[in-house]
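K.L.:
I am sharing coords09.cif, which consists of mmCIF, N, CA and C atoms:
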```
data_run
loop_
_atom_site.label_atom_id
_atom_site.label_comp_id
_atom_site.auth_asym_id
_atom_site.auth_seq_id
_atom_site.Cartn_x
_atom_site.Cartn_y
_atom_site.Cartn_z
N ALA A 11 -12.02 -212.83 -187.18
CA ALA A 11 -12.01 -211.53 -187.85
C ALA A 11 -12.92 -210.58 -187.09
N PHE A 12 -12.63 -209.30 -187.20
CA PHE A 12 -13.48 -208.28 -186.62
C PHE A 12 -14.32 -207.66 -187.73
N ASP A 13 -15.63 -207.46 -187.46
CA ASP A 13 -16.45 -206.81 -188.47
C ASP A 13 -16.36 -205.30 -188.33
N GLU A 14 -17.17 -204.57 -189.12
CA GLU A 14 -17.07 -203.11 -189.14
C GLU A 14 -17.44 -202.45 -187.81
N THR A 15 -18.12 -203.18 -186.91
CA THR A 15 -18.48 -202.62 -185.61
C THR A 15 -17.45 -202.97 -184.54
N GLY A 16 -16.43 -203.74 -184.92
CA GLY A 16 -15.42 -204.16 -183.95
C GLY A 16 -15.78 -205.44 -183.24
N THR A 17 -16.84 -206.10 -183.69
CA THR A 17 -17.28 -207.36 -183.09
C THR A 17 -16.45 -208.51 -183.65
N LEU A 18 -15.96 -209.34 -182.75
CA LEU A 18 -15.22 -210.53 -183.16
C LEU A 18 -16.20 -211.53 -183.74
N THR A 19 -15.92 -212.05 -184.92
CA THR A 19 -16.83 -212.96 -185.59
C THR A 19 -16.06 -214.10 -186.25
N ILE A 20 -16.74 -215.25 -186.38
CA ILE A 20 -16.14 -216.38 -187.09
C ILE A 20 -16.64 -216.45 -188.53
N GLY A 21 -17.54 -215.55 -188.90
CA GLY A 21 -18.01 -215.49 -190.28
C GLY A 21 -19.08 -216.49 -190.65
N ARG A 22 -19.70 -217.13 -189.67
CA ARG A 22 -20.80 -218.06 -189.91
C ARG A 22 -21.97 -217.67 -189.03
N PRO A 23 -22.89 -216.86 -189.56
CA PRO A 23 -24.03 -216.43 -188.74
C PRO A 23 -24.86 -217.61 -188.25
N ARG A 24 -25.46 -217.45 -187.10
CA ARG A 24 -26.38 -218.45 -186.58
C ARG A 24 -27.44 -217.76 -185.75
N VAL A 25 -28.59 -218.36 -185.69
CA VAL A 25 -29.70 -217.82 -184.90
C VAL A 25 -29.47 -218.24 -183.45
N ILE A 26 -29.45 -217.25 -182.56
CA ILE A 26 -29.26 -217.59 -181.14
C ILE A 26 -30.51 -217.29 -180.31
N ASP A 27 -31.41 -216.44 -180.83
CA ASP A 27 -32.61 -216.12 -180.09
C ASP A 27 -33.65 -215.54 -181.02
N ILE A 28 -34.91 -215.78 -180.73
CA ILE A 28 -36.03 -215.22 -181.47
C ILE A 28 -36.98 -214.62 -180.44
N LEU A 29 -37.37 -213.38 -180.65
CA LEU A 29 -38.30 -212.69 -179.75
C LEU A 29 -39.51 -212.22 -180.57
N PRO A 30 -40.53 -213.08 -180.71
CA PRO A 30 -41.70 -212.70 -181.51
C PRO A 30 -42.40 -211.46 -180.94
N ALA A 31 -42.88 -210.61 -181.82
CA ALA A 31 -43.55 -209.37 -181.41
C ALA A 31 -45.03 -209.60 -181.14
N THR A 32 -45.55 -210.77 -181.48
CA THR A 32 -46.97 -211.07 -181.28
C THR A 32 -47.09 -212.39 -180.53
N GLU A 33 -48.28 -212.95 -180.57
CA GLU A 33 -48.52 -214.23 -179.91
C GLU A 33 -47.90 -215.41 -180.66
N THR A 34 -47.31 -215.15 -181.82
CA THR A 34 -46.66 -216.18 -182.61
C THR A 34 -45.49 -216.77 -181.83
N THR A 35 -45.28 -218.07 -181.96
CA THR A 35 -44.16 -218.71 -181.27
C THR A 35 -42.86 -218.49 -182.02
N ALA A 36 -41.77 -218.64 -181.33
CA ALA A 36 -40.45 -218.53 -181.96
C ALA A 36 -40.29 -219.57 -183.05
N ASP A 37 -40.78 -220.79 -182.82
CA ASP A 37 -40.69 -221.84 -183.84
C ASP A 37 -41.44 -221.44 -185.11
N GLU A 38 -42.60 -220.82 -184.96
CA GLU A 38 -43.38 -220.43 -186.14
C GLU A 38 -42.68 -219.30 -186.90
N VAL A 39 -42.06 -218.38 -186.19
CA VAL A 39 -41.30 -217.31 -186.85
C VAL A 39 -40.15 -217.91 -187.65
N ILE A 40 -39.40 -218.81 -187.05
CA ILE A 40 -38.28 -219.45 -187.75
C ILE A 40 -38.79 -220.28 -188.92
N ARG A 41 -39.87 -221.01 -188.74
CA ARG A 41 -40.41 -221.87 -189.80
C ARG A 41 -40.79 -221.04 -191.03
N ILE A 42 -41.49 -219.94 -190.84
CA ILE A 42 -41.92 -219.10 -191.96
C ILE A 42 -40.71 -218.41 -192.60
N ALA A 43 -39.84 -217.82 -191.77
CA ALA A 43 -38.66 -217.12 -192.31
C ALA A 43 -37.76 -218.08 -193.07
N ALA A 44 -37.52 -219.26 -192.52
CA ALA A 44 -36.66 -220.24 -193.18
C ALA A 44 -37.30 -220.74 -194.47
N SER A 45 -38.61 -220.88 -194.47
CA SER A 45 -39.32 -221.31 -195.67
C SER A 45 -39.14 -220.29 -196.80
N LEU A 46 -39.25 -219.01 -196.46
CA LEU A 46 -39.07 -217.96 -197.46
C LEU A 46 -37.63 -217.88 -197.95
N GLU A 47 -36.68 -218.19 -197.11
CA GLU A 47 -35.26 -218.05 -197.43
C GLU A 47 -34.61 -219.34 -197.91
N ALA A 48 -35.36 -220.42 -197.99
CA ALA A 48 -34.79 -221.74 -198.26
C ALA A 48 -33.95 -221.82 -199.54
N ARG A 49 -34.28 -221.05 -200.55
CA ARG A 49 -33.55 -221.13 -201.83
C ARG A 49 -32.45 -220.08 -201.94
N SER A 50 -32.32 -219.26 -200.93
CA SER A 50 -31.33 -218.18 -200.96
C SER A 50 -29.94 -218.70 -200.63
N GLU A 51 -28.94 -218.05 -201.20
CA GLU A 51 -27.55 -218.39 -200.90
C GLU A 51 -26.94 -217.46 -199.86
N HIS A 52 -27.73 -216.50 -199.38
CA HIS A 52 -27.22 -215.51 -198.43
C HIS A 52 -26.89 -216.19 -197.09
N PRO A 53 -25.79 -215.79 -196.44
CA PRO A 53 -25.41 -216.42 -195.17
C PRO A 53 -26.47 -216.30 -194.07
N LEU A 54 -27.22 -215.20 -194.02
CA LEU A 54 -28.27 -215.08 -193.01
C LEU A 54 -29.43 -216.02 -193.32
N ALA A 55 -29.73 -216.21 -194.59
CA ALA A 55 -30.77 -217.16 -194.98
C ALA A 55 -30.37 -218.57 -194.57
N LYS A 56 -29.11 -218.91 -194.81
CA LYS A 56 -28.62 -220.24 -194.43
C LYS A 56 -28.70 -220.45 -192.91
N ALA A 57 -28.47 -219.39 -192.14
CA ALA A 57 -28.58 -219.48 -190.68
C ALA A 57 -30.02 -219.76 -190.26
N LEU A 58 -30.98 -219.13 -190.93
CA LEU A 58 -32.39 -219.38 -190.62
C LEU A 58 -32.78 -220.81 -190.96
N VAL A 59 -32.36 -221.29 -192.10
CA VAL A 59 -32.67 -222.66 -192.51
C VAL A 59 -32.03 -223.65 -191.54
N ALA A 60 -30.80 -223.40 -191.14
CA ALA A 60 -30.13 -224.29 -190.17
C ALA A 60 -30.87 -224.30 -188.83
N ALA A 61 -31.36 -223.14 -188.41
CA ALA A 61 -32.11 -223.07 -187.14
C ALA A 61 -33.39 -223.90 -187.24
N ALA A 62 -34.06 -223.83 -188.38
CA ALA A 62 -35.28 -224.62 -188.58
C ALA A 62 -34.95 -226.12 -188.59
N GLU A 63 -33.86 -226.48 -189.24
CA GLU A 63 -33.44 -227.88 -189.27
C GLU A 63 -33.09 -228.38 -187.87
N ASP A 64 -32.38 -227.55 -187.11
CA ASP A 64 -32.02 -227.93 -185.74
C ASP A 64 -33.26 -228.20 -184.88
N ARG A 65 -34.32 -227.44 -185.15
CA ARG A 65 -35.57 -227.58 -184.39
C ARG A 65 -36.52 -228.60 -185.03
N ARG A 66 -36.07 -229.20 -186.13
CA ARG A 66 -36.87 -230.20 -186.86
C ARG A 66 -38.24 -229.64 -187.28
N LEU A 67 -38.22 -228.40 -187.79
CA LEU A 67 -39.44 -227.75 -188.23
C LEU A 67 -39.73 -228.07 -189.69
N GLN A 68 -40.99 -228.28 -190.01
CA GLN A 68 -41.41 -228.57 -191.38
C GLN A 68 -41.55 -227.24 -192.13
N LEU A 69 -40.77 -227.08 -193.19
CA LEU A 69 -40.83 -225.84 -193.97
C LEU A 69 -42.02 -225.85 -194.91
N VAL A 70 -42.51 -224.65 -195.21
CA VAL A 70 -43.59 -224.46 -196.16
C VAL A 70 -42.97 -224.26 -197.53
N THR A 71 -43.57 -224.82 -198.56
CA THR A 71 -43.07 -224.60 -199.92
C THR A 71 -43.83 -223.44 -200.54
N PHE A 72 -43.11 -222.38 -200.87
CA PHE A 72 -43.72 -221.21 -201.50
C PHE A 72 -43.47 -221.27 -203.00
N GLU A 73 -44.44 -220.83 -203.75
CA GLU A 73 -44.33 -220.77 -205.20
C GLU A 73 -44.05 -219.33 -205.63
N ASN A 74 -43.37 -219.18 -206.74
CA ASN A 74 -43.13 -217.87 -207.36
C ASN A 74 -42.37 -216.90 -206.46
N VAL A 75 -41.45 -217.39 -205.66
CA VAL A 75 -40.60 -216.53 -204.85
C VAL A 75 -39.42 -216.13 -205.72
N GLN A 76 -39.15 -214.83 -205.77
CA GLN A 76 -38.07 -214.34 -206.62
C GLN A 76 -37.17 -213.43 -205.81
N ALA A 77 -35.89 -213.74 -205.79
CA ALA A 77 -34.90 -212.89 -205.12
C ALA A 77 -34.26 -211.98 -206.15
N VAL A 78 -34.18 -210.71 -205.82
CA VAL A 78 -33.56 -209.73 -206.72
C VAL A 78 -32.28 -209.26 -206.05
N THR A 79 -31.15 -209.66 -206.60
CA THR A 79 -29.84 -209.35 -206.03
C THR A 79 -29.65 -207.84 -205.89
N GLY A 80 -29.19 -207.44 -204.70
CA GLY A 80 -28.87 -206.04 -204.45
C GLY A 80 -30.04 -205.17 -204.07
N HIS A 81 -31.22 -205.75 -203.85
CA HIS A 81 -32.41 -204.96 -203.52
C HIS A 81 -32.94 -205.25 -202.12
N GLY A 82 -32.14 -205.84 -201.28
CA GLY A 82 -32.53 -206.08 -199.90
C GLY A 82 -33.61 -207.10 -199.71
#
```
Take the structure in the file and give it back as structure tokens.

P.N.:
Amino acid sequence: AFDETGTLTIGRPRVIDILPATETTADEVIRIAASLEARSEHPLAKALVAAAEDRRLQLVTFENVQAVTGHG
């Protein structure tokens, strides 16, 4: 399928590269982002969690994380 930009897509997002803006490693960025998104059903969240799993990264367990649908 083509998305709204005309890009051909298979509809399954995946992480292909991470470019940290600081001295933080790519693995640490993925580990924290995937930890925050672990309970989300969003396709981009699932891609982050899959990237962390592929890299065998230990996720952090966060308490009191609340997702509000439709609020970004």

K.L.:
Which residues are close to segment 65-69 of chain A, i.e. within 8 Å by all atoms listed in the file, leaving aside same-chain residues fewer than 5 positions away? Reply as a PyMOL selection string.

P.N.:
chain A and resi 37+40-42+44-46+59-60

K.L.:
Any idea what the distance is between atom N of Ala43 of chain A and atom N of Gly21 of chain A?

P.N.:
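Result for atom N of Ala43 of chain A versus atom N of Gly21 of chain A: 22.6 Å, one decimal.
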
K.L.:
Write out as a PDB file with N, CA and C atoms, in the frame of the given file all residues of chain A that backbone DSSP assigns to alpha helix (DSSP H).

P.N.:
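And here's result-v6.pdb as it stands now:
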```pdb
ATOM      1  N   ALA A  36     -41.770-218.640-181.330  1.00  0.00           N
ATOM      2  CA  ALA A  36     -40.450-218.530-181.960  1.00  0.00           C
ATOM      3  C   ALA A  36     -40.290-219.570-183.050  1.00  0.00           C
ATOM      4  N   ASP A  37     -40.780-220.790-182.820  1.00  0.00           N
ATOM      5  CA  ASP A  37     -40.690-221.840-183.840  1.00  0.00           C
ATOM      6  C   ASP A  37     -41.440-221.440-185.110  1.00  0.00           C
ATOM      7  N   GLU A  38     -42.600-220.820-184.960  1.00  0.00           N
ATOM      8  CA  GLU A  38     -43.380-220.430-186.140  1.00  0.00           C
ATOM      9  C   GLU A  38     -42.680-219.300-186.900  1.00  0.00           C
ATOM     10  N   VAL A  39     -42.060-218.380-186.190  1.00  0.00           N
ATOM     11  CA  VAL A  39     -41.300-217.310-186.850  1.00  0.00           C
ATOM     12  C   VAL A  39     -40.150-217.910-187.650  1.00  0.00           C
ATOM     13  N   ILE A  40     -39.400-218.810-187.050  1.00  0.00           N
ATOM     14  CA  ILE A  40     -38.280-219.450-187.750  1.00  0.00           C
ATOM     15  C   ILE A  40     -38.790-220.280-188.920  1.00  0.00           C
ATOM     16  N   ARG A  41     -39.870-221.010-188.740  1.00  0.00           N
ATOM     17  CA  ARG A  41     -40.410-221.870-189.800  1.00  0.00           C
ATOM     18  C   ARG A  41     -40.790-221.040-191.030  1.00  0.00           C
ATOM     19  N   ILE A  42     -41.490-219.940-190.840  1.00  0.00           N
ATOM     20  CA  ILE A  42     -41.920-219.100-191.960  1.00  0.00           C
ATOM     21  C   ILE A  42     -40.710-218.410-192.600  1.00  0.00           C
ATOM     22  N   ALA A  43     -39.840-217.820-191.770  1.00  0.00           N
ATOM     23  CA  ALA A  43     -38.660-217.120-192.310  1.00  0.00           C
ATOM     24  C   ALA A  43     -37.760-218.080-193.070  1.00  0.00           C
ATOM     25  N   ALA A  44     -37.520-219.260-192.520  1.00  0.00           N
ATOM     26  CA  ALA A  44     -36.660-220.240-193.180  1.00  0.00           C
ATOM     27  C   ALA A  44     -37.300-220.740-194.470  1.00  0.00           C
ATOM     28  N   SER A  45     -38.610-220.880-194.470  1.00  0.00           N
ATOM     29  CA  SER A  45     -39.320-221.310-195.670  1.00  0.00           C
ATOM     30  C   SER A  45     -39.140-220.290-196.800  1.00  0.00           C
ATOM     31  N   LEU A  46     -39.250-219.010-196.460  1.00  0.00           N
ATOM     32  CA  LEU A  46     -39.070-217.960-197.460  1.00  0.00           C
ATOM     33  C   LEU A  46     -37.630-217.880-197.950  1.00  0.00           C
ATOM     34  N   GLU A  47     -36.680-218.190-197.110  1.00  0.00           N
ATOM     35  CA  GLU A  47     -35.260-218.050-197.430  1.00  0.00           C
ATOM     36  C   GLU A  47     -34.610-219.340-197.910  1.00  0.00           C
ATOM     37  N   PRO A  53     -25.790-215.790-196.440  1.00  0.00           N
ATOM     38  CA  PRO A  53     -25.410-216.420-195.170  1.00  0.00           C
ATOM     39  C   PRO A  53     -26.470-216.300-194.070  1.00  0.00           C
ATOM     40  N   LEU A  54     -27.220-215.200-194.020  1.00  0.00           N
ATOM     41  CA  LEU A  54     -28.270-215.080-193.010  1.00  0.00           C
ATOM     42  C   LEU A  54     -29.430-216.020-193.320  1.00  0.00           C
ATOM     43  N   ALA A  55     -29.730-216.210-194.590  1.00  0.00           N
ATOM     44  CA  ALA A  55     -30.770-217.160-194.980  1.00  0.00           C
ATOM     45  C   ALA A  55     -30.370-218.570-194.570  1.00  0.00           C
ATOM     46  N   LYS A  56     -29.110-218.910-194.810  1.00  0.00           N
ATOM     47  CA  LYS A  56     -28.620-220.240-194.430  1.00  0.00           C
ATOM     48  C   LYS A  56     -28.700-220.450-192.910  1.00  0.00           C
ATOM     49  N   ALA A  57     -28.470-219.390-192.140  1.00  0.00           N
ATOM     50  CA  ALA A  57     -28.580-219.480-190.680  1.00  0.00           C
ATOM     51  C   ALA A  57     -30.020-219.760-190.260  1.00  0.00           C
ATOM     52  N   LEU A  58     -30.980-219.130-190.930  1.00  0.00           N
ATOM     53  CA  LEU A  58     -32.390-219.380-190.620  1.00  0.00           C
ATOM     54  C   LEU A  58     -32.780-220.810-190.960  1.00  0.00           C
ATOM     55  N   VAL A  59     -32.360-221.290-192.100  1.00  0.00           N
ATOM     56  CA  VAL A  59     -32.670-222.660-192.510  1.00  0.00           C
ATOM     57  C   VAL A  59     -32.030-223.650-191.540  1.00  0.00           C
ATOM     58  N   ALA A  60     -30.800-223.400-191.140  1.00  0.00           N
ATOM     59  CA  ALA A  60     -30.130-224.290-190.170  1.00  0.00           C
ATOM     60  C   ALA A  60     -30.870-224.300-188.830  1.00  0.00           C
ATOM     61  N   ALA A  61     -31.360-223.140-188.410  1.00  0.00           N
ATOM     62  CA  ALA A  61     -32.110-223.070-187.140  1.00  0.00           C
ATOM     63  C   ALA A  61     -33.390-223.900-187.240  1.00  0.00           C
ATOM     64  N   ALA A  62     -34.060-223.830-188.380  1.00  0.00           N
ATOM     65  CA  ALA A  62     -35.280-224.620-188.580  1.00  0.00           C
ATOM     66  C   ALA A  62     -34.950-226.120-188.590  1.00  0.00           C
ATOM     67  N   GLU A  63     -33.860-226.480-189.240  1.00  0.00           N
ATOM     68  CA  GLU A  63     -33.440-227.880-189.270  1.00  0.00           C
ATOM     69  C   GLU A  63     -33.090-228.380-187.870  1.00  0.00           C
ATOM     70  N   ASP A  64     -32.380-227.550-187.110  1.00  0.00           N
ATOM     71  CA  ASP A  64     -32.020-227.930-185.740  1.00  0.00           C
ATOM     72  C   ASP A  64     -33.260-228.200-184.880  1.00  0.00           C
TER      73      ASP A  64
END
```

K.L.:
Would you kindly identify which residues have an atom no farther than 8 Å from (-31.1, -216.9, -203.3), using all atoms listed in the file and the file's own coordinates, and write them out as a PyMOL selection string?

P.N.:
chain A and resi 47-52+76-79

K.L.:
Using N, CA and C atoms, can you export the residues from the last selection as an mmCIF file, in the frame of the given file?

P.N.:
```cif
data_model
loop_
_atom_site.group_PDB
_atom_site.id
_atom_site.type_symbol
_atom_site.label_atom_id
_atom_site.label_comp_id
_atom_site.auth_asym_id
_atom_site.auth_seq_id
_atom_site.Cartn_x
_atom_site.Cartn_y
_atom_site.Cartn_z
ATOM 1 N N GLU A 47 -36.680 -218.190 -197.110
ATOM 2 C CA GLU A 47 -35.260 -218.050 -197.430
ATOM 3 C C GLU A 47 -34.610 -219.340 -197.910
ATOM 4 N N ALA A 48 -35.360 -220.420 -197.990
ATOM 5 C CA ALA A 48 -34.790 -221.740 -198.260
ATOM 6 C C ALA A 48 -33.950 -221.820 -199.540
ATOM 7 N N ARG A 49 -34.280 -221.050 -200.550
ATOM 8 C CA ARG A 49 -33.550 -221.130 -201.830
ATOM 9 C C ARG A 49 -32.450 -220.080 -201.940
ATOM 10 N N SER A 50 -32.320 -219.260 -200.930
ATOM 11 C CA SER A 50 -31.330 -218.180 -200.960
ATOM 12 C C SER A 50 -29.940 -218.700 -200.630
ATOM 13 N N GLU A 51 -28.940 -218.050 -201.200
ATOM 14 C CA GLU A 51 -27.550 -218.390 -200.900
ATOM 15 C C GLU A 51 -26.940 -217.460 -199.860
ATOM 16 N N HIS A 52 -27.730 -216.500 -199.380
ATOM 17 C CA HIS A 52 -27.220 -215.510 -198.430
ATOM 18 C C HIS A 52 -26.890 -216.190 -197.090
ATOM 19 N N GLN A 76 -39.150 -214.830 -205.770
ATOM 20 C CA GLN A 76 -38.070 -214.340 -206.620
ATOM 21 C C GLN A 76 -37.170 -213.430 -205.810
ATOM 22 N N ALA A 77 -35.890 -213.740 -205.790
ATOM 23 C CA ALA A 77 -34.900 -212.890 -205.120
ATOM 24 C C ALA A 77 -34.260 -211.980 -206.150
ATOM 25 N N VAL A 78 -34.180 -210.710 -205.820
ATOM 26 C CA VAL A 78 -33.560 -209.730 -206.720
ATOM 27 C C VAL A 78 -32.280 -209.260 -206.050
ATOM 28 N N THR A 79 -31.150 -209.660 -206.600
ATOM 29 C CA THR A 79 -29.840 -209.350 -206.030
ATOM 30 C C THR A 79 -29.650 -207.840 -205.890
#
```

K.L.:
So how far away is atom CA of Ala55 of chain A from atom N of Arg22 of chain A, in Å?

P.N.:
12.3 Å

K.L.:
Would you work out the distance separating atom CA of Gly80 of chain A from atom CA of Leu58 of chain A, expressed in Å to one decimal?

P.N.:
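Answer for the atom CA of Gly80 of chain A to atom CA of Leu58 of chain A separation: 19.5 Å.
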